[in-house]
Structure formats: C-alpha cells, structure tokens
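As structure tokens, the structure follows; a few thoughts come after it.
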Amino acid sequence: MSDRATYEIRPDDALVIVDVQHDFLPGGALGVAEGERIFDPIDALAPRFPRVYATRDWHPENHSSYQQYGGPWPVHCVAGSHGAAFDPRLTLDNVDVVIDKGTDRDTDGYSGFAATTLDRDLREHEVRRVFVCGLATDYCVKATALDAKAAGFDVVVLEDASAAVNVEPGDEERALGELRAAGIAIANSADVAGGATAAVRR
Ligand code: VGL
Ligand code: ZN
C-alpha cells in the first residue's frame, strides 16, 4: 500500500528507471511475472520529470551472479546481448542518461549507484529528490533506492511503476518494508502531480 501523500514534481527531482530490459520481462531469462504493468505508469511519469535516468544491468559473460559460477541467477543481461537491451516499450525519448551497472564480474551490481556515475551526475544537476521505479522491486529497485537514501537524497519508490521477482512469496512486501524502515516513501504514480507536460531536458 502506498503512503497517502501527493508529490508535486520540482525542478530538483529526478526519475531513475531501473533495468527495463528484455531479460527482466516475461519471456526473458529472469522475467518478472507482472513486469508489463510498469509501462503505462512510466510513460505517464517520465515526460514530466526534469531529469530521467535509465539503468541497465550490463554483465560480463562470466558474471559471478550466474549459477554456473555459484551465484543465484541464470545467465541474464550479458552486455550487448538481446536480453540486455531495453524493452522497446520503454520510451527512450524520455531518458536523459543511461547508466550501465553490474559491469564488474565480482560484485552483484544491483544498485544503480554501485561503481557508476549516477551519484556524480545527480549532484552536478543539483538533484535533491529521487523517484525510483522499474525492475525488480525486491532487488535492483530496492538496492538503488537504499543507496540513494544513504547518499543523502530524499527518495520515493513508485510501487505501481515497479514489479518484483518474488523468488519467495512476500518478497515484494518485505522489500517495501525495508525501504520504509530506511525512511524511503512508497507511492503510486497517481500520487505524483505536476511537472512539465513536456519537460525541458537538461
Ligand atoms: C536484478 C537480479 C539480478 C534486478 C539484476 O534488476 O533486479 N535482479 N540482476
Ligand atoms: Zn544482474
């Protein structure tokens, strides 16, 4: 359930869209069952934000998170592969910056802040509040939101614009609980108001 608050989009806001790639959508290597429901909310939100980032899980072929190397996951999001490409239902015209993550073999790279330029770029653009959405709520959305909060940004996770892997039933609810406990707000896209009808990208 979302917290009952309205968020008026401000010039110091950014939207971070996490890992909307073939492999995380139905039919992909690590397809999130409800993944397709995020497209309408994201399309409604992204054009109104002054700055929009899209992260990509972008792994080497021998990434340590793959089962053949002792990790928990099937091979997914190999850099340059079809599975790693953005799903075409993500409107890239709305995206200012693409952030590749998980490029290092030995770290999971769940967070968009892990060994990337995201933190520096947000600060250069004087962003103070970060809205996070995408795939998957219980992994990369969660890790990105927690790191944004730890880095000092105000953070709102958009529940309906995100979807969970749910390896275990209830993982999504547990993830949202962890986010709340860290001081992160949970909202729905309908709780986000205003913003430019066609934002001037900067
Ligand atoms: C993710 C599992 C492995 C994610 C990435 O994008 O949530 N999950 N790699
Ligand atoms: Zn991954």
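Scheme for the structure tokens: letters A, B, ... for chains in order shown; per-chain residue numbers from 1; ligand numbers from 1 in order shown.
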
Please give the complete set of residues from stretch 2-170 of chain A that DSSP, run on the backbone, assigns to helix (DSSP H, G or I), formatted as a PyMOL selection string. chain A and resi 22-24+35-48+67-69+92-94+118-124+137-150

For ligand 2, collect every residue having any atom at a distance of at most 9 Å from a ligand atom (counting only C-alpha atoms and all ligand atoms); output as JSON, numbers by chain. {"A": [57, 58, 59, 63, 65, 66, 73, 75, 76, 77, 78, 101, 102, 108, 109, 110, 140]}

Could you tell me which of A:Ala114, A:Ala196, A:Ile17, A:Ala85 comes closest to A:Pro47 if we count only C-alpha atoms?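 Once distances to A:Pro47 are computed over only C-alpha atoms, the minimum belongs to A:Ala196.
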
Neighbour list for A:Ala148 as number ranges by chain, cut-off 9 Å, only C-alpha atoms, skip fewer than 4 positions in-chain: A: 112-113, 119, 129-130, 143-144, 152-155

Can you tell me which residues surround stretch 162-171 of chain A at a distance of at most 6 Å, considering only C-alpha atoms, apart from same-chain residues fewer than 5 positions away, and format the answer as a list in words?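 Non-adjacent residues within range: Val32, Gly35, Ile38, Cys133, Gly134, Leu135, Ala136, Thr137 and Asp138 of chain A.
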
Store the residues picked out above in a file with all heavy atoms, as a compact mmCIF listing (two decimals), in the first residue's frame.
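Printed below is result.txt as written:
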```txt
# COMPACT_ATOMS: atom_id res chain seq x y z
N VAL A 32 10.10 -11.02 -14.85
CA VAL A 32 9.25 -10.66 -13.71
C VAL A 32 7.79 -10.80 -14.17
O VAL A 32 7.37 -10.15 -15.14
CB VAL A 32 9.55 -9.20 -13.29
CG1 VAL A 32 8.56 -8.71 -12.25
CG2 VAL A 32 10.98 -9.10 -12.78
N GLY A 35 5.82 -7.76 -14.84
CA GLY A 35 6.66 -6.68 -15.32
C GLY A 35 5.99 -5.71 -16.29
O GLY A 35 6.26 -4.52 -16.28
N ILE A 38 4.29 -2.04 -15.63
CA ILE A 38 5.01 -0.81 -15.31
C ILE A 38 5.02 0.19 -16.47
O ILE A 38 5.30 1.36 -16.27
CB ILE A 38 6.47 -1.09 -14.87
CG1 ILE A 38 7.34 -1.56 -16.05
CG2 ILE A 38 6.49 -2.11 -13.72
CD1 ILE A 38 8.82 -1.72 -15.71
N CYS A 133 11.83 3.60 -9.87
CA CYS A 133 10.83 2.64 -10.34
C CYS A 133 11.53 1.64 -11.25
O CYS A 133 12.71 1.77 -11.53
CB CYS A 133 9.72 3.37 -11.11
SG CYS A 133 10.31 4.19 -12.62
N GLY A 134 10.81 0.63 -11.71
CA GLY A 134 11.37 -0.33 -12.66
C GLY A 134 11.41 -1.74 -12.11
O GLY A 134 10.54 -2.17 -11.36
N LEU A 135 12.47 -2.48 -12.49
CA LEU A 135 12.58 -3.91 -12.20
C LEU A 135 13.92 -4.18 -11.52
O LEU A 135 14.92 -3.66 -11.95
CB LEU A 135 12.49 -4.71 -13.51
CG LEU A 135 11.21 -4.42 -14.34
CD1 LEU A 135 11.32 -5.07 -15.71
CD2 LEU A 135 9.97 -4.88 -13.61
N ALA A 136 14.01 -4.97 -10.49
CA ALA A 136 12.84 -5.50 -9.84
C ALA A 136 12.77 -4.92 -8.43
O ALA A 136 13.79 -4.66 -7.81
CB ALA A 136 12.95 -7.04 -9.76
N THR A 137 11.54 -4.76 -7.95
CA THR A 137 11.32 -4.11 -6.65
C THR A 137 12.19 -4.72 -5.56
O THR A 137 12.74 -4.00 -4.72
CB THR A 137 9.85 -4.25 -6.23
OG1 THR A 137 9.03 -3.90 -7.34
CG2 THR A 137 9.53 -3.37 -5.04
N ASP A 138 12.31 -6.06 -5.56
CA ASP A 138 12.99 -6.74 -4.45
C ASP A 138 14.50 -6.88 -4.67
O ASP A 138 15.18 -7.43 -3.80
CB ASP A 138 12.35 -8.10 -4.15
CG ASP A 138 11.89 -8.85 -5.40
OD1 ASP A 138 12.06 -8.32 -6.52
OD2 ASP A 138 11.36 -9.96 -5.25
```

Compare A:Asp13, A:Glu178, A:Glu126, A:Asp87 by their minimum atom-to-atom distance to A:Arg48, counting only C-alpha atoms, and give me the closest one. A:Asp13

Those in chain A with strand (DSSP E) from DSSP, as a ChimeraX atom specification: /A:7-8,13-18,52-57,97-101,129-135,154-163,185-187,192-193
